[in-house]
file query.cif (mmCIF, C-alpha atoms)
data_my_file
#
loop_
_atom_site.group_PDB
_atom_site.id
_atom_site.type_symbol
_atom_site.label_atom_id
_atom_site.label_comp_id
_atom_site.auth_asym_id
_atom_site.auth_seq_id
_atom_site.Cartn_x
_atom_site.Cartn_y
_atom_site.Cartn_z
ATOM 1 C CA GLU J 1 17.116 8.946 -22.092
ATOM 2 C CA GLY J 2 13.948 10.192 -23.718
ATOM 3 C CA ASN J 3 11.914 7.086 -22.903
ATOM 4 C CA ILE J 4 11.763 7.280 -19.136
ATOM 5 C CA LEU J 5 8.201 6.337 -18.265
ATOM 6 C CA GLU J 6 6.029 8.622 -16.206
ATOM 7 C CA LYS J 7 5.054 7.090 -12.870
ATOM 8 C CA LEU J 8 1.756 6.357 -11.210
ATOM 9 C CA PHE J 9 2.316 5.937 -7.475
ATOM 10 C CA VAL J 10 -0.474 4.200 -5.550
ATOM 11 C CA ILE J 11 -0.500 3.911 -1.766
ATOM 12 C CA ASP J 12 -2.436 1.308 0.192
ATOM 13 C CA GLY J 13 -3.722 3.800 2.751
ATOM 14 C CA ASN J 14 -4.894 1.348 5.411
ATOM 15 C CA SER J 15 -1.739 -0.705 5.257
ATOM 16 C CA ILE J 16 0.643 2.269 5.535
ATOM 17 C CA LEU J 17 -1.442 4.039 8.214
ATOM 18 C CA ASN J 18 -1.532 0.816 10.212
ATOM 19 C CA ARG J 19 2.225 0.409 9.967
ATOM 20 C CA ALA J 20 2.768 4.017 10.967
ATOM 21 C CA PHE J 21 0.464 3.616 13.964
ATOM 22 C CA TYR J 22 2.197 0.540 15.371
ATOM 23 C CA GLY J 23 5.635 1.716 14.287
ATOM 24 C CA THR J 24 5.425 4.888 16.374
ATOM 25 C CA MET J 25 3.804 3.253 19.382
ATOM 26 C CA SER J 26 7.020 2.183 21.004
ATOM 27 C CA ARG J 27 7.895 5.765 21.861
ATOM 28 C CA SER J 28 6.400 5.343 25.327
ATOM 29 C CA ARG J 29 3.200 7.203 24.486
ATOM 30 C CA LEU J 30 1.188 8.117 21.439
ATOM 31 C CA MET J 31 1.523 11.594 19.938
ATOM 32 C CA LYS J 32 -1.523 13.721 20.482
ATOM 33 C CA THR J 33 -2.575 17.347 20.361
ATOM 34 C CA THR J 34 -3.455 19.353 23.461
ATOM 35 C CA ASP J 35 -7.138 18.465 23.099
ATOM 36 C CA GLY J 36 -6.302 14.760 23.099
ATOM 37 C CA THR J 37 -6.526 14.021 19.359
ATOM 38 C CA TYR J 38 -4.215 11.139 18.482
ATOM 39 C CA THR J 39 -1.905 12.016 15.600
ATOM 40 C CA ASN J 40 0.934 9.475 15.555
ATOM 41 C CA ALA J 41 -0.345 7.417 12.601
ATOM 42 C CA VAL J 42 -0.941 10.524 10.482
ATOM 43 C CA PHE J 43 2.500 11.874 11.336
ATOM 44 C CA GLY J 44 4.159 8.547 10.487
ATOM 45 C CA PHE J 45 2.148 8.124 7.297
ATOM 46 C CA LEU J 46 3.266 11.563 6.098
ATOM 47 C CA ALA J 47 6.893 10.783 6.938
ATOM 48 C CA VAL J 48 6.679 7.765 4.620
ATOM 49 C CA LEU J 49 4.768 9.727 1.957
ATOM 50 C CA PHE J 50 7.284 12.601 1.869
ATOM 51 C CA LYS J 51 10.239 10.237 1.687
ATOM 52 C CA GLU J 52 8.654 8.264 -1.157
ATOM 53 C CA LEU J 53 7.641 11.376 -3.126
ATOM 54 C CA ASP J 54 11.139 12.690 -2.745
ATOM 55 C CA GLU J 55 12.661 9.515 -4.134
ATOM 56 C CA ALA J 56 10.106 8.461 -6.758
ATOM 57 C CA LYS J 57 8.982 11.921 -7.942
ATOM 58 C CA PRO J 58 5.789 10.512 -9.495
ATOM 59 C CA GLU J 59 3.643 12.458 -11.931
ATOM 60 C CA TYR J 60 0.486 10.717 -10.691
ATOM 61 C CA LEU J 61 -0.483 9.834 -7.152
ATOM 62 C CA VAL J 62 -3.454 8.028 -5.597
ATOM 63 C CA VAL J 63 -4.134 6.817 -2.055
ATOM 64 C CA SER J 64 -6.673 4.036 -1.682
ATOM 65 C CA PHE J 65 -8.557 3.047 1.479
ATOM 66 C CA ASP J 66 -10.742 0.144 2.533
ATOM 67 C CA VAL J 67 -14.370 0.966 3.232
ATOM 68 C CA LYS J 68 -15.818 -0.592 6.356
ATOM 69 C CA ALA J 69 -18.396 -2.778 4.620
ATOM 70 C CA PRO J 70 -18.616 -6.446 3.658
ATOM 71 C CA THR J 71 -16.988 -7.340 0.339
ATOM 72 C CA LYS J 72 -17.756 -10.007 -2.238
ATOM 73 C CA ARG J 73 -15.256 -12.177 -0.401
ATOM 74 C CA HIS J 74 -17.328 -12.049 2.787
ATOM 75 C CA GLU J 75 -20.364 -13.172 0.788
ATOM 76 C CA LEU J 76 -18.431 -16.170 -0.528
ATOM 77 C CA TYR J 77 -16.918 -17.114 2.822
ATOM 78 C CA LYS J 78 -18.402 -15.604 5.945
ATOM 79 C CA ASP J 79 -15.226 -16.148 8.008
ATOM 80 C CA TYR J 80 -13.074 -14.172 5.566
ATOM 81 C CA LYS J 81 -10.762 -11.964 7.655
ATOM 82 C CA GLY J 82 -12.739 -13.306 10.606
ATOM 83 C CA THR J 83 -9.694 -13.526 12.855
ATOM 84 C CA ARG J 84 -8.812 -9.858 12.448
ATOM 85 C CA LYS J 85 -9.292 -7.634 15.422
ATOM 86 C CA GLY J 86 -10.996 -4.328 14.765
ATOM 87 C CA MET J 87 -8.987 -1.137 14.592
ATOM 88 C CA PRO J 88 -8.186 0.345 17.998
ATOM 89 C CA ASP J 89 -10.050 3.631 18.549
ATOM 90 C CA GLU J 90 -6.752 5.517 18.765
ATOM 91 C CA LEU J 91 -6.108 4.489 15.154
ATOM 92 C CA ALA J 92 -9.681 4.633 13.817
ATOM 93 C CA SER J 93 -9.971 8.239 14.995
ATOM 94 C CA GLN J 94 -7.015 9.142 12.757
ATOM 95 C CA MET J 95 -8.681 7.893 9.563
ATOM 96 C CA PRO J 96 -10.670 11.091 8.921
ATOM 97 C CA LEU J 97 -7.572 13.139 9.794
ATOM 98 C CA ILE J 98 -5.316 11.536 7.183
ATOM 99 C CA LYS J 99 -8.058 12.029 4.585
ATOM 100 C CA LYS J 100 -8.348 15.670 5.577
ATOM 101 C CA VAL J 101 -4.595 16.152 5.148
ATOM 102 C CA LEU J 102 -4.494 14.346 1.782
ATOM 103 C CA THR J 103 -7.437 16.396 0.538
ATOM 104 C CA ALA J 104 -5.660 19.639 1.479
ATOM 105 C CA MET J 105 -2.657 18.350 -0.468
ATOM 106 C CA ASN J 106 -4.880 17.757 -3.520
ATOM 107 C CA ILE J 107 -4.043 14.060 -3.484
ATOM 108 C CA LYS J 108 -6.677 11.813 -5.045
ATOM 109 C CA ILE J 109 -8.319 9.376 -2.607
ATOM 110 C CA ILE J 110 -10.159 6.335 -3.967
ATOM 111 C CA GLU J 111 -12.339 3.995 -1.922
ATOM 112 C CA LYS J 112 -15.193 1.800 -3.053
ATOM 113 C CA GLU J 113 -17.760 -0.002 -0.970
ATOM 114 C CA GLY J 114 -17.518 -3.761 -1.429
ATOM 115 C CA TYR J 115 -13.901 -3.603 -2.635
ATOM 116 C CA GLU J 116 -10.672 -3.721 -0.714
ATOM 117 C CA ALA J 117 -7.681 -1.428 -1.107
ATOM 118 C CA ASP J 118 -5.913 -4.371 -2.808
ATOM 119 C CA ASP J 119 -8.565 -4.472 -5.516
ATOM 120 C CA ILE J 120 -8.189 -0.748 -6.130
ATOM 121 C CA LEU J 121 -4.394 -1.127 -6.281
ATOM 122 C CA GLY J 122 -4.737 -3.926 -8.811
ATOM 123 C CA THR J 123 -7.262 -2.034 -10.925
ATOM 124 C CA LEU J 124 -5.108 1.106 -10.945
ATOM 125 C CA ALA J 125 -1.975 -0.897 -11.785
ATOM 126 C CA LYS J 126 -3.696 -2.398 -14.802
ATOM 127 C CA PHE J 127 -5.021 1.019 -15.804
ATOM 128 C CA GLY J 128 -1.622 2.704 -15.312
ATOM 129 C CA GLU J 129 0.078 0.148 -17.524
ATOM 130 C CA SER J 130 -2.592 0.594 -20.198
ATOM 131 C CA GLN J 131 -1.714 4.322 -20.163
ATOM 132 C CA GLY J 132 1.957 3.519 -20.711
ATOM 133 C CA LEU J 133 3.013 4.389 -17.160
ATOM 134 C CA LYS J 134 5.359 2.716 -14.744
ATOM 135 C CA VAL J 135 3.380 1.795 -11.621
ATOM 136 C CA ILE J 136 4.621 1.666 -8.031
ATOM 137 C CA LEU J 137 2.312 0.174 -5.401
ATOM 138 C CA LEU J 138 3.315 1.005 -1.839
ATOM 139 C CA THR J 139 1.816 -1.537 0.544
ATOM 140 C CA GLY J 140 2.787 -3.694 3.479
ATOM 141 C CA ASP J 141 0.613 -6.463 2.069
ATOM 142 C CA ARG J 142 2.447 -9.219 0.233
ATOM 143 C CA ASP J 143 -0.864 -10.385 -1.262
ATOM 144 C CA SER J 144 -0.148 -7.736 -3.883
ATOM 145 C CA PHE J 145 2.823 -9.708 -5.226
ATOM 146 C CA GLN J 146 0.425 -11.296 -7.721
ATOM 147 C CA LEU J 147 0.212 -7.855 -9.384
ATOM 148 C CA ALA J 148 3.934 -7.542 -10.123
ATOM 149 C CA THR J 149 4.920 -7.231 -13.795
ATOM 150 C CA ASP J 150 7.840 -5.767 -15.700
ATOM 151 C CA LYS J 151 6.167 -2.362 -15.333
ATOM 152 C CA THR J 152 4.417 -2.683 -11.956
ATOM 153 C CA ILE J 153 6.547 -2.750 -8.823
ATOM 154 C CA ILE J 154 5.276 -3.705 -5.391
ATOM 155 C CA ARG J 155 7.171 -1.619 -2.838
ATOM 156 C CA ILE J 156 7.162 -3.186 0.609
ATOM 157 C CA PRO J 157 8.258 -1.105 3.604
ATOM 158 C CA HIS J 158 9.975 -2.822 6.487
ATOM 159 C CA THR J 159 11.684 -1.550 9.593
ATOM 160 C CA LYS J 160 15.380 -2.128 9.947
ATOM 161 C CA GLN J 161 17.098 -0.919 13.118
ATOM 162 C CA GLY J 162 14.316 1.590 13.710
ATOM 163 C CA LYS J 163 14.485 2.952 10.164
ATOM 164 C CA THR J 164 11.895 2.293 7.467
ATOM 165 C CA GLU J 165 13.416 0.843 4.338
ATOM 166 C CA THR J 166 11.628 -0.400 1.253
ATOM 167 C CA GLU J 167 12.150 -3.380 -0.980
ATOM 168 C CA ASP J 168 10.898 -3.512 -4.559
ATOM 169 C CA PHE J 169 9.345 -6.600 -6.114
ATOM 170 C CA ASP J 170 8.850 -6.658 -9.864
ATOM 171 C CA ARG J 171 8.241 -9.754 -11.985
ATOM 172 C CA ASN J 172 11.924 -10.746 -12.007
ATOM 173 C CA LYS J 173 12.269 -10.393 -8.259
ATOM 174 C CA ILE J 174 9.206 -12.612 -7.708
ATOM 175 C CA LEU J 175 10.631 -15.231 -10.068
ATOM 176 C CA GLU J 176 13.931 -15.072 -8.209
ATOM 177 C CA VAL J 177 12.395 -15.343 -4.723
ATOM 178 C CA TYR J 178 9.537 -17.795 -5.354
ATOM 179 C CA GLY J 179 10.474 -19.519 -8.589
ATOM 180 C CA VAL J 180 7.051 -18.899 -10.138
ATOM 181 C CA GLU J 181 5.378 -16.103 -12.124
ATOM 182 C CA PRO J 182 3.588 -13.478 -9.986
ATOM 183 C CA LYS J 183 0.137 -14.644 -11.176
ATOM 184 C CA ALA J 184 0.957 -18.183 -10.045
ATOM 185 C CA LEU J 185 1.141 -16.929 -6.452
ATOM 186 C CA ILE J 186 -2.683 -16.844 -6.562
ATOM 187 C CA GLU J 187 -2.601 -20.628 -7.124
ATOM 188 C CA VAL J 188 -0.054 -21.045 -4.334
ATOM 189 C CA LYS J 189 -2.302 -19.134 -1.949
ATOM 190 C CA GLY J 190 -5.269 -21.311 -2.934
ATOM 191 C CA LEU J 191 -3.314 -24.312 -1.680
ATOM 192 C CA MET J 192 -1.569 -22.904 1.387
ATOM 193 C CA GLY J 193 -4.232 -20.380 2.437
ATOM 194 C CA ASP J 194 -3.435 -17.213 4.333
ATOM 195 C CA ALA J 195 -3.784 -17.039 8.083
ATOM 196 C CA SER J 196 -3.816 -13.231 8.220
ATOM 197 C CA ASP J 197 -6.898 -13.043 5.962
ATOM 198 C CA ASN J 198 -8.331 -16.264 7.400
ATOM 199 C CA ILE J 199 -8.275 -17.914 3.958
ATOM 200 C CA PRO J 200 -8.343 -21.636 4.711
ATOM 201 C CA GLY J 201 -6.382 -23.213 1.846
ATOM 202 C CA VAL J 202 -5.912 -26.991 1.867
ATOM 203 C CA SER J 203 -5.497 -28.220 5.412
ATOM 204 C CA GLY J 204 -1.935 -29.401 6.034
ATOM 205 C CA ILE J 205 -0.393 -27.923 2.861
ATOM 206 C CA GLY J 206 2.288 -25.328 3.611
ATOM 207 C CA GLU J 207 4.176 -22.886 1.434
ATOM 208 C CA LYS J 208 6.939 -25.289 0.439
ATOM 209 C CA THR J 209 4.586 -28.016 -0.792
ATOM 210 C CA ALA J 210 2.286 -25.478 -2.450
ATOM 211 C CA LEU J 211 5.163 -23.853 -4.346
ATOM 212 C CA GLY J 212 6.494 -27.249 -5.390
ATOM 213 C CA LEU J 213 3.111 -28.326 -6.747
ATOM 214 C CA ILE J 214 2.536 -25.090 -8.660
ATOM 215 C CA LYS J 215 6.059 -25.149 -10.098
ATOM 216 C CA GLU J 216 5.325 -28.626 -11.398
ATOM 217 C CA PHE J 217 1.669 -28.324 -12.463
ATOM 218 C CA GLY J 218 1.099 -24.597 -12.979
ATOM 219 C CA THR J 219 -2.479 -24.358 -11.709
ATOM 220 C CA ILE J 220 -4.826 -25.883 -9.152
ATOM 221 C CA ASP J 221 -7.030 -27.130 -12.010
ATOM 222 C CA ASN J 222 -4.088 -28.967 -13.494
ATOM 223 C CA ILE J 223 -3.192 -30.538 -10.141
ATOM 224 C CA TYR J 224 -6.669 -32.057 -9.813
ATOM 225 C CA LYS J 225 -6.689 -33.100 -13.466
ATOM 226 C CA ASN J 226 -3.463 -35.022 -12.777
ATOM 227 C CA ILE J 227 -4.916 -36.573 -9.620
ATOM 228 C CA ASP J 228 -8.002 -37.676 -11.610
ATOM 229 C CA GLU J 229 -5.787 -39.145 -14.295
ATOM 230 C CA GLY J 230 -3.827 -41.057 -11.664
ATOM 231 C CA ASN J 231 -0.506 -39.229 -12.097
ATOM 232 C CA ILE J 232 1.736 -40.975 -9.599
ATOM 233 C CA SER J 233 3.896 -37.936 -8.868
ATOM 234 C CA ILE J 234 1.102 -36.759 -6.516
ATOM 235 C CA ARG J 235 0.769 -39.451 -3.886
ATOM 236 C CA GLY J 236 0.626 -40.386 -0.224
ATOM 237 C CA LYS J 237 -0.357 -37.836 2.383
ATOM 238 C CA THR J 238 -0.149 -34.919 -0.041
ATOM 239 C CA LYS J 239 -2.632 -36.562 -2.369
ATOM 240 C CA GLU J 240 -4.987 -37.361 0.538
ATOM 241 C CA LYS J 241 -4.911 -33.757 1.751
ATOM 242 C CA LEU J 242 -5.508 -32.408 -1.751
ATOM 243 C CA VAL J 243 -8.452 -34.739 -2.420
ATOM 244 C CA GLU J 244 -10.005 -33.868 0.916
ATOM 245 C CA GLY J 245 -9.418 -30.125 0.542
ATOM 246 C CA LYS J 246 -10.452 -29.752 -3.098
ATOM 247 C CA ASP J 247 -13.396 -27.378 -2.532
ATOM 248 C CA MET J 248 -11.331 -25.269 -0.153
ATOM 249 C CA ALA J 249 -8.520 -25.013 -2.708
ATOM 250 C CA PHE J 250 -10.812 -23.507 -5.331
ATOM 251 C CA LEU J 251 -12.638 -21.269 -2.842
ATOM 252 C CA SER J 252 -9.342 -20.040 -1.370
ATOM 253 C CA ARG J 253 -7.989 -19.237 -4.810
ATOM 254 C CA THR J 254 -11.069 -17.113 -5.503
ATOM 255 C CA LEU J 255 -10.744 -15.342 -2.130
ATOM 256 C CA GLY J 256 -7.068 -14.672 -2.766
ATOM 257 C CA THR J 257 -7.487 -13.262 -6.264
ATOM 258 C CA ILE J 258 -7.235 -9.486 -6.464
ATOM 259 C CA ASN J 259 -9.973 -7.981 -8.618
ATOM 260 C CA VAL J 260 -8.231 -5.849 -11.248
ATOM 261 C CA GLU J 261 -11.581 -4.830 -12.771
ATOM 262 C CA SER J 262 -12.993 -2.919 -9.794
ATOM 263 C CA PRO J 263 -15.642 -0.396 -10.860
ATOM 264 C CA ILE J 264 -13.765 2.792 -9.961
ATOM 265 C CA GLU J 265 -13.541 6.021 -11.932
ATOM 266 C CA LYS J 266 -10.283 6.068 -13.833
ATOM 267 C CA ASN J 267 -9.322 9.453 -15.166
ATOM 268 C CA LEU J 268 -5.594 10.032 -15.427
ATOM 269 C CA GLU J 269 -6.000 13.795 -15.207
ATOM 270 C CA ASP J 270 -7.565 13.368 -11.730
ATOM 271 C CA PHE J 271 -4.535 11.440 -10.537
ATOM 272 C CA LYS J 272 -2.005 14.192 -11.362
ATOM 273 C CA TYR J 273 0.145 15.137 -8.394
ATOM 274 C CA ARG J 274 -0.602 18.838 -8.035
ATOM 275 C CA GLU J 275 0.430 21.833 -6.003
ATOM 276 C CA TRP J 276 -0.913 21.762 -2.468
ATOM 277 C CA ASN J 277 -3.508 24.113 -1.130
ATOM 278 C CA ARG J 278 -0.845 25.573 1.148
ATOM 279 C CA GLU J 279 -3.234 27.558 3.339
ATOM 280 C CA GLU J 280 -5.363 24.485 3.982
ATOM 281 C CA VAL J 281 -2.316 22.298 4.656
ATOM 282 C CA LEU J 282 -0.958 24.909 7.073
ATOM 283 C CA LYS J 283 -4.305 25.034 8.860
ATOM 284 C CA VAL J 284 -4.472 21.259 9.268
ATOM 285 C CA PHE J 285 -0.810 20.990 10.317
ATOM 286 C CA GLN J 286 -1.364 23.716 12.917
ATOM 287 C CA GLU J 287 -4.417 21.869 14.232
ATOM 288 C CA LEU J 288 -2.359 18.689 14.469
ATOM 289 C CA ARG J 289 0.684 20.519 15.904
ATOM 290 C CA PHE J 290 2.908 19.230 13.090
ATOM 291 C CA ASN J 291 5.460 22.016 13.516
ATOM 292 C CA ARG J 292 8.215 19.940 12.008
ATOM 293 C CA TYR J 293 6.323 19.678 8.715
ATOM 294 C CA ILE J 294 5.253 23.339 8.808
ATOM 295 C CA GLU J 295 8.940 24.200 8.970
ATOM 296 C CA LYS J 296 10.051 21.578 6.463
ATOM 297 C CA PHE J 297 7.768 23.009 3.777
ATOM 298 C CA ASN J 298 8.096 26.684 4.771
ATOM 299 C CA LEU J 299 4.344 26.888 5.173
ATOM 300 C CA LEU J 300 4.587 30.054 7.244
ATOM 301 C CA GLU J 301 6.464 31.801 4.437
ATOM 302 C CA ASN J 302 3.800 34.428 3.824
ATOM 303 C CA ALA J 303 2.681 34.626 7.409
ATOM 304 C CA PRO J 304 3.703 37.834 9.259
ATOM 305 C CA GLN J 305 5.240 36.224 12.355
ATOM 306 C CA ASN J 306 8.298 35.173 10.454
ATOM 307 C CA GLU J 307 10.775 38.047 10.639
ATOM 308 C CA GLU J 308 13.453 35.833 12.129
ATOM 309 C CA LYS J 309 13.441 33.653 9.033
ATOM 310 C CA ASP J 310 13.628 36.694 6.709
ATOM 311 C CA LEU J 311 16.759 37.851 8.492
ATOM 312 C CA LYS J 312 18.251 34.428 8.136
ATOM 313 C CA GLU J 313 17.499 34.428 4.409
ATOM 314 C CA LEU J 314 18.963 37.913 4.064
ATOM 315 C CA PHE J 315 22.085 36.618 5.726
ATOM 316 C CA GLU J 316 22.220 33.666 3.312
ATOM 317 C CA ILE J 317 21.968 36.064 0.348
ATOM 318 C CA LYS J 318 24.734 38.263 1.757
ATOM 319 C CA LYS J 319 26.903 35.212 2.196
ATOM 320 C CA VAL J 320 26.374 34.162 -1.394
ATOM 321 C CA ASP J 321 27.304 37.661 -2.573
ATOM 322 C CA LEU J 322 30.517 37.571 -0.570
ATOM 323 C CA ASP J 323 31.505 34.293 -2.166
#
call {"tool": "encode", "arguments": {"input": "query.cif", "output": "structure tokens"}}
result
Amino acid sequence: EGNILEKLFVIDGNSILNRAFYGTMSRSRLMKTTDGTYTNAVFGFLAVLFKELDEAKPEYLVVSFDVKAPTKRHELYKDYKGTRKGMPDELASQMPLIKKVLTAMNIKIIEKEGYEADDILGTLAKFGESQGLKVILLTGDRDSFQLATDKTIIRIPHTKQGKTETEDFDRNKILEVYGVEPKALIEVKGLMGDASDNIPGVSGIGEKTALGLIKEFGTIDNIYKNIDEGNISIRGKTKEKLVEGKDMAFLSRTLGTINVESPIEKNLEDFKYREWNREEVLKVFQELRFNRYIEKFNLLENAPQNEEKDLKELFEIKKVDLD
């Protein structure tokens, strides 16, 4: 099996941190250290990260974050993401902490003012493929489905009976679920919009109609070409809505298109998943009271207060000898 591709694993930092924050909220109160620092999102994020690294074993790893600054999309449409509430302070205060942890782990962080995490994911996916890698994008954001190919997988986490499971979407899975190529989902979004990002779409056109139209005509341009040419398969209320919402259809498609040419530094060597700076990681985990992770990774191995563990290991060795 000599041709197994090396993997580039890219994590949508905001999306996964967000999920971790709300996913661990139900436990009556948020985790925090003795001085009142909230840590639940960081703890949950790391739980997901460790599980994924364990399963995927990627050679390259990047975490991307949004930068709090207007993007090109806001310039085009001032209400873009206008319905989103800001981050609660309990979550916002954990942003610098997760970056501190990732830095101690020597994990590459990429963020770029004016670009969203999605754009960085898309740009890295394209880059990874050009380097002959298999790409896995871990994100809770289905907008990224447009990036799926035979080599790029969108991995979506979801909670099932309290456990986080993931589902993988590659090109074939998208075709199976939606009946169109991944790129065509950009056209679909132009028509149906996206409430979560406050992308308007064509008023009154839902997913079913949008998918039907794109399956038949392929692109928004082609739909309007057919309307102009009097194609009678677009008629009645649908035609009225489309004619009325034409500008919004094109604007929404632009807003919903992930920029795979974001101006970020792309150096594969920088993305290598390396050994941690164990001392730094231990320090941060101690600050955050993450004893479970300190134990999991034997971070106290060289620390003097660990005689108990040495005895246990001695015992394990003895046992092996006896067998």
call {"tool": "resolve_selection", "arguments": {"input": "query.cif", "expression": "the PyMOL selection byres ((chain J and resi 15) around 9)", "output": "PyMOL selection string"}}
result
chain J and resi 11-14+16-20+65+117+138-141
call {"tool": "closest_residue", "arguments": {"input": "query.cif", "among": "J:Glu244, J:Glu52, J:Asp118, J:Asp197", "to": "Val67 in chain J", "atoms": "all atoms listed in the file"}}
result
J:Asp118
call {"tool": "closest_residue", "arguments": {"input": "query.cif", "among": "J:Leu46, J:Ile258, J:Leu185, J:Val101", "to": "Asn277 in chain J", "atoms": "only C-alpha atoms"}}
result
J:Val101
call {"tool": "residues_around", "arguments": {"input": "query.cif", "residues": "Ala41 in chain J", "least_positions_apart": "4", "cutoff": "10 Å", "atoms": "all atoms listed in the file", "output": "PyMOL selection string"}}
result
chain J and resi 16-25+30-31+45-47+90-95+97-98
call {"tool": "write_last_selection", "arguments": {"input": "query.cif", "atoms": "C-alpha atoms", "output": "short mmCIF file (atom, residue, chain, number, x, y, z; two decimals), in the coordinates of the input"}}
result
data_model
loop_
_atom_site.label_atom_id
_atom_site.label_comp_id
_atom_site.auth_asym_id
_atom_site.auth_seq_id
_atom_site.Cartn_x
_atom_site.Cartn_y
_atom_site.Cartn_z
CA ILE J 16 0.64 2.27 5.54
CA LEU J 17 -1.44 4.04 8.21
CA ASN J 18 -1.53 0.82 10.21
CA ARG J 19 2.22 0.41 9.97
CA ALA J 20 2.77 4.02 10.97
CA PHE J 21 0.46 3.62 13.96
CA TYR J 22 2.20 0.54 15.37
CA GLY J 23 5.64 1.72 14.29
CA THR J 24 5.42 4.89 16.37
CA MET J 25 3.80 3.25 19.38
CA LEU J 30 1.19 8.12 21.44
CA MET J 31 1.52 11.59 19.94
CA PHE J 45 2.15 8.12 7.30
CA LEU J 46 3.27 11.56 6.10
CA ALA J 47 6.89 10.78 6.94
CA GLU J 90 -6.75 5.52 18.76
CA LEU J 91 -6.11 4.49 15.15
CA ALA J 92 -9.68 4.63 13.82
CA SER J 93 -9.97 8.24 15.00
CA GLN J 94 -7.02 9.14 12.76
CA MET J 95 -8.68 7.89 9.56
CA LEU J 97 -7.57 13.14 9.79
CA ILE J 98 -5.32 11.54 7.18
#
call {"tool": "resolve_selection", "arguments": {"input": "query.cif", "expression": "the PyMOL selection byres ((chain J and resi 240) around 12)", "output": "number ranges by chain"}}
result
J: 202-205, 224, 227, 234-239, 241-246
call {"tool": "atom_distance", "arguments": {"input": "query.cif", "atom1": "CA of Gly212 in chain J", "atom2": "CA of Pro182 in chain J"}}
result
14.8 Å
call {"tool": "residues_around", "arguments": {"input": "query.cif", "residues": "Val188 in chain J", "least_positions_apart": "2", "cutoff": "6 Å", "atoms": "only C-alpha atoms", "output": "list in words"}}
result
Leu185, Ile186, Gly190, Leu191, Ala210 and Leu211 of chain J
call {"tool": "closest_atom_pairs", "arguments": {"input": "query.cif", "of": "range 52-150 of chain J", "to": "range 278-296 of chain J", "cutoff": "8 Å", "atoms": "only C-alpha atoms", "output": "CSV"}}
result
residue,atom,partner,partner_atom,distance
J:Lys100,CA,J:Val284,CA,7.7
J:Val101,CA,J:Val284,CA,6.6
J:Ala104,CA,J:Val281,CA,5.3
J:Met105,CA,J:Val281,CA,6.5
call {"tool": "atom_distance", "arguments": {"input": "query.cif", "atom1": "CA of Ser144 in chain J", "atom2": "CA of Arg274 in chain J"}}
result
26.9 Å
